[in-house]
Amino acid sequence: MKLYEYLAKEIFSKNGLPVPKGYLCLSPEDAARAALELGPVAVKAQILAGGRGKAGGITFAATPEEAGIATARLLGSEIRGYPVTRVLVEEKLNIQGELYLGFTVDTSDRRPVALASCQGGVNIEEVPPEKLVRLLIDPLFGFSSYSALYLGLRLGLKGELLKEFVSLALILYWIFMKYDAELVEINPLAIVEGHLIAADARLNIDDDALYRHPEIEVIEDGSELEKAIKNLGLAYVQLDGNIAVLANGAGITMATLDTLEKFGGRAANFLDAGGGAGAEPMAKALDLILDTGPRAVLINIFGGITRCDEVARALIQVKEKRGQTVPIILRLVGTNEDEAYRLLKTYGIEAFKGMPEAVAAVVSATQKL
Amino acid sequence: MKLYEYLAKEIFSKNGLPVPKGYLCLSPEDAARAALELGPVAVKAQILAGGRGKAGGITFAATPEEAGIATARLLGSEIRGYPVTRVLVEEKLNIQGELYLGFTVDTSDRRPVALASCQGGVNIEEVPPEKLVRLLIDPLFGFSSYSALYLGLRLGLKGELLKEFVSLALILYWIFMKYDAELVEINPLAIVEGHLIAADARLNIDDDALYRHPEIEVIEDGSELEKAIKNLGLAYVQLDGNIAVLANGAGITMATLDTLEKFGGRAANFLDAGGGAGAEPMAKALDLILDTGPRAVLINIFGGITRCDEVARALIQVKEKRGQTVPIILRLVGTNEDEAYRLLKTYGIEAFKGMPEAVAAVVSATQKL
Amino acid sequence: MSVLINEETKVLIQGITGSQGFFHTRQMLAYGTRVVAGVTPGKGGEQVLNIPVYNTVREAVEKHEPDAAAIFVPAAKAYEAAVESVEAGIKLVVIISEHLPLQDTIKLLVLAKTRGVTIIGPNTFGIIVPSKCKIGIMPNTIYRPGPVGIVARSGTLSYEVASGLSGIGLGQSTVIGIGGDRVVGLNFVECLELFARDPLTEAIVMVGEIGGTAEEEAATYIKNKKLIKPVVAYVAGSSAPPGKRMGHAGAIIERGRGTYQSKIRALTEAGVKVATYPWEVAGLIRQLL
Amino acid sequence: MSVLINEETKVLIQGITGSQGFFHTRQMLAYGTRVVAGVTPGKGGEQVLNIPVYNTVREAVEKHEPDAAAIFVPAAKAYEAAVESVEAGIKLVVIISEHLPLQDTIKLLVLAKTRGVTIIGPNTFGIIVPSKCKIGIMPNTIYRPGPVGIVARSGTLSYEVASGLSGIGLGQSTVIGIGGDRVVGLNFVECLELFARDPLTEAIVMVGEIGGTAEEEAATYIKNKKLIKPVVAYVAGSSAPPGKRMGHAGAIIERGRGTYQSKIRALTEAGVKVATYPWEVAGLIRQLL
């Protein structure tokens, strides 16, 4: 789960990291009031995507009036596909230098990694490898002060800045661990009047660890439908085609979408009913995606944890409830397959055992319509 | 550093372990007042040695008057060589069973170890090995709830007692780690009305870790002289002979005492000037042990960190200050030996290079007197 | 011979009294797996499907010396359950549970390494040696003994592939699910090494997907170590839109790898045959054997 | 050949700018030890005795690839210093510092084991291969090259013994101080194993003392592994009064071992010659060679 910049900065600040003075503003009036207190400010759109600066999501304002205008312009606009509903109004920093510092997990080395550069800022992804320090962290050893010192020295820092960097890096790693983060990132880590300050802040929390962080408010990202299906415990992503897809397991769902595309169809969504979903949530999910008005539905189940009979029951339940629907093409094999086919037969529903046959059938069904 | 039972129980209680209600009492009046509140009580001498119960250090009192009498008898008495200056007056427990639970370090396996028995109480050391559960703890894994559960099951506990034992054992290990303990021990871990309670408490803190536990008041154990020499940073133990011994390193000090005994002498003390002691503390220690009125002094230095010239200077300084003293026999070899002998020669002090010669000389010096 | 497990393997089930644990224990027993004990704290002394249940792994280990543990425990307790098996000396731990916090997995893998324990998963469908031993949640019906080793990130996709192979008479030596999480224990490269050394395995199927760099690393291994057994791969995700990347740090670490294109390129360059559709894998293997 | 170190060994000094570190670095250089770098945070870039000083061990390792580190850092910082060397990949860490908290030592040893690092100490006088390499604080003058391996808990007592051996023309192959603390890294048994395998070592001296059970374990090793090289032991503490024991737990663990009598009995039963006085050791070795 991504946190908005202002929430990440709240957490940074609470744990002792220096951040600019600023206020979350929901209206131009709020922003003008904030600017009155702060003087020249930066008005920053709060969206859950990067590249905001280049997309016009950050404006500077010298006066409260300018801050209000900038805020009015940002609120309600859309940046990188995200509607802007809130802005952060912050004191404008007189930045003398920009560093980069982040912690994340190196999935291939299976451990945390520190990343740092003396060339932070908007072009960090184009920084040459030799300007990027990458330090793997052994979880048994943790990220120690000598590691922070080494990192700071590699960035070429000295004196007071080096000291500040060491303590800041230790706190940032502490935040990374304490909040079960997938990523913490400060870019730029700005040098202002000879001191370091987190000019931007990014903090992504591991969804699977959210249950042990009740203090963190869950940010609902995505459409109402996405939220509704996620609340059923299933993984859902909306796409722009017309064939709704439901499969079990991320891999087979992806493969179904791939196949569909190659067979000339266009998927309306990615819906992974995942491991061991029972009839109840699957029926609900099916119901919800039928509400979106797809031209057809493709259900592709290879039963492992998911039992074919439960899928059959889910389908029957929805059909019973909704009566006539758009074509629902079912591909079903695996655990309790025989029981499922017996049930389906009772209700006169046909199913395919092969994936290409099912995909071809759904594509042809949409083309027929 | 050993903690008194009442201090250990304070820490136990603060960390959530059940202990009997009780008060530290310094006078019979205190004890009577405590008993008035508590009803029938146990009056327990607070000394830094085990085996107190068998030596008469624990008395039961049914009334405040009896509690006062028992306290009066204990205060000022000596138990196992320790003068009793304080007693703990505690509610008398109606003990239905006695377990044993402790954590310490297994120095040979180089890790913490949990020890538990279903036959706790005064005879714990005689419990047969099969009644003792010994569970080594891997510091990387810690002492987990499954380990505590295993331990409780091995003691034959069930139901509520098992649950209490698990949570109690986890807290006790937590205390062991948090307070840098060498040992935490509950013996007996009493069963009273179907619940577990720490009837006794032992907590020994690692001396070398005391610096990071400013919250723990240092308990001065030993004589004034022992304290004075310990304050110089040297290791000192008082013995009952008449030849004061000063050497550098625990091993050579022990070997000097062993040799002295075999040569027919009797050491007045063990004084290990240890690694790298400079002239200053050594001179002060020498001064202090001369004050105790030994018949002679044996100094045995094989210089590694300790530099012979500094030893020589320490000796010269003391001789200069005190004038005529009892015989001081010096055995000196090692780092900066030549410089030391040059210095000693200037002041007309003789020294031996061989240990047997020096020991023989000091024994003969005391026999001559 | 087979990889990691065989008909002698004695299996402990953690969470045997839960609904998933119970269901799949029954399936494993039906498959012939030697399930010797179960563990559920608080249920020690009970019997489930004639299998004795213990409160702690240590007791079960003392009595039955299991070779492997399967974890069917909810995410919040899966870490401690797995660590309990690792500490108790079980040398193979298969974590079926999903949604383990990332930091739990990382810590578990580090601890397992200090004890020389192989972790499969988390979020895996398990491991199976057809007709010999199954530790996992895959359907009992689709596998046949034979010469093809399968290593897969995704369960259902691997069932698809295994079923396709069995359908044309090509059985499997061992099928390993490495788990769908970003961080997993046993990985593609390690499985390839195991298959390379296994005399029963004559060809290998890799079932991958976009994200992470495991497939690229496998390709590098195949290329550098000159793996002589033929490898066929299927990678899911060709139609996926470019993912919402995890900040700069993700980009910095992956450096352009992790996409469908990069995986296909790396595998092809390493001499791996890449199937366009999952059902084509079996045919490609037949051509290569 | 020698044990653990030799004339090629490159040594890093942690705490080189402190008074002890400085003094003993000078002594080691005088002895011919290849001290290649020093580390003191905050003093990076300086030179001490013509040795470059770094802020971190990692930098020193990148530039000089030291084989061993010697720790001359105050107790409160010794743990982190040693861990820094372990993590940076140095394979032998000699901890001269004393008074390390027990739990620090325990944690350090566990971490070192995960990296295959040998820890000598804490509270050790170090290790020396006479005329080749000295890492420690022992006097430079008392050792001669020769066939006797010495392993000792106590520094000064071992100097006594080494000096006695040198005095009758019996040099030393390697002298190892395992450290005076209750918990130490390299122990008696491991040193005996090293000496058993070392072709330069023809006889072994063990210098022990009361407390702990290290001498008893060494005796068991000698007996069970049928160590054929002759061993002479001296154990200090015959005159010590029975120690104030550490609660019941101590008694339960030691079970009557740890006393002077138990050590002498165990060693004698294992065929070890036990010297009554430290200065007798040399003579006993001469008889056995």
# chains A, B, ... in the order shown; residues from 1 in each chain; ligands from 1
call {"tool": "select_by_dssp", "arguments": {"residues": "stretch 111-143 of chain C", "states": "helix (DSSP H, G or I)", "output": "PyMOL selection string"}}
result
chain C and resi 111-114
call {"tool": "write_last_selection", "arguments": {"atoms": "all heavy atoms", "output": "compact mmCIF listing (two decimals), in the first residue's frame"}}
result
# COMPACT_ATOMS: atom_id res chain seq x y z
N LEU C 111 17.17 -17.54 8.78
CA LEU C 111 17.29 -18.52 9.86
C LEU C 111 17.43 -19.93 9.29
O LEU C 111 18.23 -20.73 9.77
CB LEU C 111 16.07 -18.44 10.79
CG LEU C 111 15.98 -17.18 11.65
CD1 LEU C 111 14.69 -17.19 12.45
CD2 LEU C 111 17.18 -17.05 12.57
N ALA C 112 16.65 -20.22 8.26
CA ALA C 112 16.71 -21.55 7.64
C ALA C 112 18.11 -21.82 7.12
O ALA C 112 18.64 -22.93 7.25
CB ALA C 112 15.68 -21.66 6.53
N LYS C 113 18.72 -20.79 6.55
CA LYS C 113 20.06 -20.97 5.99
C LYS C 113 21.06 -21.33 7.08
O LYS C 113 21.95 -22.15 6.87
CB LYS C 113 20.48 -19.68 5.29
CG LYS C 113 21.55 -19.93 4.24
CD LYS C 113 21.94 -18.66 3.52
CE LYS C 113 23.26 -18.89 2.81
NZ LYS C 113 23.90 -17.64 2.41
N THR C 114 20.92 -20.74 8.27
CA THR C 114 21.87 -21.07 9.35
C THR C 114 21.74 -22.53 9.76
O THR C 114 22.64 -23.08 10.37
CB THR C 114 21.67 -20.19 10.61
OG1 THR C 114 20.43 -20.53 11.23
CG2 THR C 114 21.67 -18.71 10.27
call {"tool": "closest_atom_pairs", "arguments": {"of": "chain C", "to": "chain A", "cutoff": "6 Å", "atoms": "only C-alpha atoms", "output": "JSON lines"}}
result
{"residue": "C:His99", "atom": "CA", "partner": "A:Asp208", "partner_atom": "CA", "distance": 5.2}
{"residue": "C:Pro101", "atom": "CA", "partner": "A:Ala209", "partner_atom": "CA", "distance": 4.8}
{"residue": "C:Ile137", "atom": "CA", "partner": "A:Gly304", "partner_atom": "CA", "distance": 6.0}
{"residue": "C:Met138", "atom": "CA", "partner": "A:Gly304", "partner_atom": "CA", "distance": 4.9}
{"residue": "C:Pro139", "atom": "CA", "partner": "A:Gly304", "partner_atom": "CA", "distance": 5.2}
{"residue": "C:Ser154", "atom": "CA", "partner": "A:Gly251", "partner_atom": "CA", "distance": 5.1}
{"residue": "C:Thr156", "atom": "CA", "partner": "A:Phe302", "partner_atom": "CA", "distance": 5.6}
{"residue": "C:Leu157", "atom": "CA", "partner": "A:Ile252", "partner_atom": "CA", "distance": 5.0}
{"residue": "C:Arg182", "atom": "CA", "partner": "A:Thr107", "partner_atom": "CA", "distance": 5.9}
{"residue": "C:Val183", "atom": "CA", "partner": "A:Thr107", "partner_atom": "CA", "distance": 5.2}
{"residue": "C:Ala236", "atom": "CA", "partner": "A:Ala255", "partner_atom": "CA", "distance": 5.0}
{"residue": "C:Gly237", "atom": "CA", "partner": "A:Met254", "partner_atom": "CA", "distance": 5.3}
{"residue": "C:Ser238", "atom": "CA", "partner": "A:Asp258", "partner_atom": "CA", "distance": 5.7}
{"residue": "C:Ser239", "atom": "CA", "partner": "A:Asp258", "partner_atom": "CA", "distance": 4.9}
call {"tool": "closest_residue", "arguments": {"among": "C:Gly164, C:Gly116, C:Gly177, C:Pro199", "to": "chain D", "atoms": "only C-alpha atoms"}}
result
C:Gly116
call {"tool": "residues_around", "arguments": {"residues": "A:Thr71", "least_positions_apart": "6", "cutoff": "7 Å", "atoms": "only C-alpha atoms", "output": "list in words"}}
result
Ser27, Pro28, Ala31, Val43 and Val87 of chain A
call {"tool": "select_by_dssp", "arguments": {"residues": "stretch 145-301 of chain A", "states": "strand (DSSP E)", "output": "ChimeraX atom specification"}}
result
/A:181-192,195-198,202-205,235-238,243-247,269-272,296-301
call {"tool": "write_last_selection", "arguments": {"atoms": "C-alpha atoms", "output": "short mmCIF file (atom, residue, chain, number, x, y, z; two decimals), in the first residue's frame"}}
result
data_model
loop_
_atom_site.label_atom_id
_atom_site.label_comp_id
_atom_site.auth_asym_id
_atom_site.auth_seq_id
_atom_site.Cartn_x
_atom_site.Cartn_y
_atom_site.Cartn_z
CA ALA A 181 7.78 -1.24 4.31
CA GLU A 182 8.42 -2.60 0.85
CA LEU A 183 10.05 0.70 0.06
CA VAL A 184 11.10 3.89 1.78
CA GLU A 185 12.62 6.54 -0.37
CA ILE A 186 13.74 10.15 -0.02
CA ASN A 187 14.22 11.82 -3.38
CA PRO A 188 15.50 14.35 -3.26
CA LEU A 189 17.21 14.24 0.07
CA ALA A 190 17.90 17.94 -0.10
CA ILE A 191 20.81 19.96 1.24
CA VAL A 192 19.40 23.21 2.57
CA HIS A 195 21.60 20.53 6.52
CA LEU A 196 19.77 17.51 5.16
CA ILE A 197 16.02 17.50 4.80
CA ALA A 198 13.55 15.05 3.22
CA ARG A 202 7.76 7.75 -0.28
CA LEU A 203 6.65 4.90 1.96
CA ASN A 204 5.00 1.76 0.61
CA ILE A 205 3.74 -0.70 3.21
CA ALA A 235 -7.24 -9.72 -6.65
CA TYR A 236 -8.80 -7.51 -9.30
CA VAL A 237 -7.50 -5.06 -11.88
CA GLN A 238 -9.76 -3.23 -14.28
CA ILE A 243 -14.61 -9.86 -21.97
CA ALA A 244 -14.69 -10.30 -18.23
CA VAL A 245 -12.20 -12.90 -17.02
CA LEU A 246 -12.22 -14.90 -13.84
CA ALA A 247 -9.52 -17.49 -13.17
CA ASN A 269 -10.41 -7.16 -16.23
CA PHE A 270 -7.94 -9.36 -14.36
CA LEU A 271 -9.73 -11.27 -11.61
CA ASP A 272 -7.69 -13.84 -9.73
CA ALA A 296 -19.12 -12.13 -22.29
CA VAL A 297 -17.48 -13.81 -19.36
CA LEU A 298 -14.63 -16.32 -19.44
CA ILE A 299 -14.09 -18.46 -16.38
CA ASN A 300 -10.92 -20.55 -16.42
CA ILE A 301 -10.40 -22.87 -13.47
#
call {"tool": "atom_distance", "arguments": {"atom1": "atom CA of D:Pro122", "atom2": "atom CA of D:Ala81"}}
result
12.1 Å
call {"tool": "residues_around", "arguments": {"residues": "B:Val41", "least_positions_apart": "4", "cutoff": "10 Å", "atoms": "only C-alpha atoms", "output": "list of chain:residue names"}}
result
B:Lys21, B:Gly22, B:Ala31, B:Ala32, B:Ala34, B:Ala35, B:Leu36, B:Glu37, B:Thr59, B:Phe60, B:Ala61, B:Ala62, B:Thr63, B:Pro64, B:Glu66, B:Ala67, B:Leu88, B:Val89, B:Glu90, B:Glu91, B:Lys92, B:Leu93
call {"tool": "write_last_selection", "arguments": {"atoms": "N, CA and C atoms", "output": "PDB file, in the first residue's frame"}}
result
ATOM      1  N   LYS B  21       2.817 -10.859  47.733  1.00  0.00           N
ATOM      2  CA  LYS B  21       2.795  -9.527  48.325  1.00  0.00           C
ATOM      3  C   LYS B  21       3.807  -9.494  49.457  1.00  0.00           C
ATOM      4  N   GLY B  22       4.560  -8.413  49.589  1.00  0.00           N
ATOM      5  CA  GLY B  22       5.549  -8.381  50.663  1.00  0.00           C
ATOM      6  C   GLY B  22       6.190  -7.017  50.794  1.00  0.00           C
ATOM      7  N   ALA B  31       8.380  -4.967  60.368  1.00  0.00           N
ATOM      8  CA  ALA B  31       7.907  -6.323  60.083  1.00  0.00           C
ATOM      9  C   ALA B  31       6.528  -6.550  60.690  1.00  0.00           C
ATOM     10  N   ALA B  32       6.337  -6.059  61.907  1.00  0.00           N
ATOM     11  CA  ALA B  32       5.047  -6.231  62.570  1.00  0.00           C
ATOM     12  C   ALA B  32       3.957  -5.503  61.784  1.00  0.00           C
ATOM     13  N   ALA B  34       3.996  -4.835  58.601  1.00  0.00           N
ATOM     14  CA  ALA B  34       3.751  -5.573  57.372  1.00  0.00           C
ATOM     15  C   ALA B  34       2.846  -6.771  57.644  1.00  0.00           C
ATOM     16  N   ALA B  35       3.113  -7.473  58.742  1.00  0.00           N
ATOM     17  CA  ALA B  35       2.347  -8.681  59.057  1.00  0.00           C
ATOM     18  C   ALA B  35       0.896  -8.338  59.413  1.00  0.00           C
ATOM     19  N   LEU B  36       0.735  -7.158  60.013  1.00  0.00           N
ATOM     20  CA  LEU B  36      -0.618  -6.706  60.336  1.00  0.00           C
ATOM     21  C   LEU B  36      -1.458  -6.635  59.056  1.00  0.00           C
ATOM     22  N   GLU B  37      -0.812  -6.147  57.998  1.00  0.00           N
ATOM     23  CA  GLU B  37      -1.539  -6.050  56.740  1.00  0.00           C
ATOM     24  C   GLU B  37      -1.671  -7.405  56.041  1.00  0.00           C
ATOM     25  N   THR B  59      11.752 -17.765  58.348  1.00  0.00           N
ATOM     26  CA  THR B  59      10.896 -18.155  59.476  1.00  0.00           C
ATOM     27  C   THR B  59       9.462 -17.791  59.122  1.00  0.00           C
ATOM     28  N   PHE B  60       8.526 -18.592  59.584  1.00  0.00           N
ATOM     29  CA  PHE B  60       7.128 -18.239  59.391  1.00  0.00           C
ATOM     30  C   PHE B  60       6.573 -17.623  60.665  1.00  0.00           C
ATOM     31  N   ALA B  61       5.678 -16.677  60.496  1.00  0.00           N
ATOM     32  CA  ALA B  61       5.115 -15.999  61.660  1.00  0.00           C
ATOM     33  C   ALA B  61       3.614 -15.870  61.456  1.00  0.00           C
ATOM     34  N   ALA B  62       2.847 -16.283  62.467  1.00  0.00           N
ATOM     35  CA  ALA B  62       1.391 -16.270  62.340  1.00  0.00           C
ATOM     36  C   ALA B  62       0.809 -14.912  62.710  1.00  0.00           C
ATOM     37  N   THR B  63       1.534 -14.168  63.562  1.00  0.00           N
ATOM     38  CA  THR B  63       1.008 -12.889  64.043  1.00  0.00           C
ATOM     39  C   THR B  63       2.044 -11.785  63.844  1.00  0.00           C
ATOM     40  N   PRO B  64       1.610 -10.521  63.902  1.00  0.00           N
ATOM     41  CA  PRO B  64       2.556  -9.404  63.827  1.00  0.00           C
ATOM     42  C   PRO B  64       3.637  -9.519  64.914  1.00  0.00           C
ATOM     43  N   GLU B  66       4.852 -12.258  66.327  1.00  0.00           N
ATOM     44  CA  GLU B  66       5.830 -13.273  65.922  1.00  0.00           C
ATOM     45  C   GLU B  66       6.734 -12.750  64.810  1.00  0.00           C
ATOM     46  N   ALA B  67       6.146 -11.998  63.880  1.00  0.00           N
ATOM     47  CA  ALA B  67       6.940 -11.447  62.762  1.00  0.00           C
ATOM     48  C   ALA B  67       8.016 -10.509  63.308  1.00  0.00           C
ATOM     49  N   LEU B  88      12.750  -9.598  54.172  1.00  0.00           N
ATOM     50  CA  LEU B  88      11.567  -9.437  53.333  1.00  0.00           C
ATOM     51  C   LEU B  88      10.419 -10.139  54.050  1.00  0.00           C
ATOM     52  N   VAL B  89       9.380  -9.382  54.366  1.00  0.00           N
ATOM     53  CA  VAL B  89       8.211  -9.963  55.022  1.00  0.00           C
ATOM     54  C   VAL B  89       7.127 -10.136  53.963  1.00  0.00           C
ATOM     55  N   GLU B  90       6.754 -11.394  53.750  1.00  0.00           N
ATOM     56  CA  GLU B  90       5.854 -11.718  52.638  1.00  0.00           C
ATOM     57  C   GLU B  90       4.654 -12.520  53.111  1.00  0.00           C
ATOM     58  N   GLU B  91       3.537 -12.373  52.440  1.00  0.00           N
ATOM     59  CA  GLU B  91       2.381 -13.226  52.727  1.00  0.00           C
ATOM     60  C   GLU B  91       2.824 -14.682  52.671  1.00  0.00           C
ATOM     61  N   LYS B  92       2.342 -15.470  53.618  1.00  0.00           N
ATOM     62  CA  LYS B  92       2.677 -16.898  53.628  1.00  0.00           C
ATOM     63  C   LYS B  92       1.863 -17.575  52.534  1.00  0.00           C
ATOM     64  N   LEU B  93       2.553 -18.360  51.712  1.00  0.00           N
ATOM     65  CA  LEU B  93       1.860 -19.016  50.598  1.00  0.00           C
ATOM     66  C   LEU B  93       1.425 -20.414  50.991  1.00  0.00           C
TER      67      LEU B  93
END
call {"tool": "atom_distance", "arguments": {"atom1": "atom CA of B:Lys230", "atom2": "atom CA of B:Glu280"}}
result
14.0 Å
call {"tool": "residues_around", "arguments": {"residues": "C:Ser19", "least_positions_apart": "6", "cutoff": "10 Å", "atoms": "only C-alpha atoms", "output": "list in words"}}
result
Thr25, Phe72 and Val73 of chain C
call {"tool": "atom_distance", "arguments": {"atom1": "atom CA of B:Pro83", "atom2": "atom CA of B:Met1"}}
result
17.7 Å
call {"tool": "closest_residue", "arguments": {"among": "B:Tyr6, B:Tyr341, B:Tyr173, B:Phe141", "to": "chain A", "atoms": "only C-alpha atoms"}}
result
B:Phe141
call {"tool": "residues_around", "arguments": {"residues": "stretch 274-281 of chain C", "least_positions_apart": "3", "cutoff": "6 Å", "atoms": "only C-alpha atoms", "output": "mmCIF file with N, CA, C and O atoms, in the first residue's frame"}}
result
data_model
loop_
_atom_site.group_PDB
_atom_site.id
_atom_site.type_symbol
_atom_site.label_atom_id
_atom_site.label_comp_id
_atom_site.auth_asym_id
_atom_site.auth_seq_id
_atom_site.Cartn_x
_atom_site.Cartn_y
_atom_site.Cartn_z
ATOM 1 N N VAL C 232 12.242 -26.214 -21.613
ATOM 2 C CA VAL C 232 11.150 -25.502 -22.267
ATOM 3 C C VAL C 232 10.547 -24.545 -21.243
ATOM 4 O O VAL C 232 10.391 -24.919 -20.079
ATOM 5 N N ALA C 233 10.257 -23.325 -21.666
ATOM 6 C CA ALA C 233 9.694 -22.365 -20.725
ATOM 7 C C ALA C 233 8.380 -21.812 -21.227
ATOM 8 O O ALA C 233 8.159 -21.703 -22.441
ATOM 9 N N TYR C 234 7.504 -21.525 -20.298
ATOM 10 C CA TYR C 234 6.346 -20.703 -20.616
ATOM 11 C C TYR C 234 6.343 -19.562 -19.618
ATOM 12 O O TYR C 234 6.547 -19.776 -18.414
ATOM 13 N N LEU C 284 6.441 -29.342 -27.281
ATOM 14 C CA LEU C 284 7.840 -28.922 -27.402
ATOM 15 C C LEU C 284 8.765 -29.889 -26.666
ATOM 16 O O LEU C 284 9.843 -30.239 -27.150
#
call {"tool": "closest_residue", "arguments": {"among": "D:Leu267, D:Lys107, D:Arg115, D:Glu160", "to": "chain C", "atoms": "only C-alpha atoms"}}
result
D:Arg115
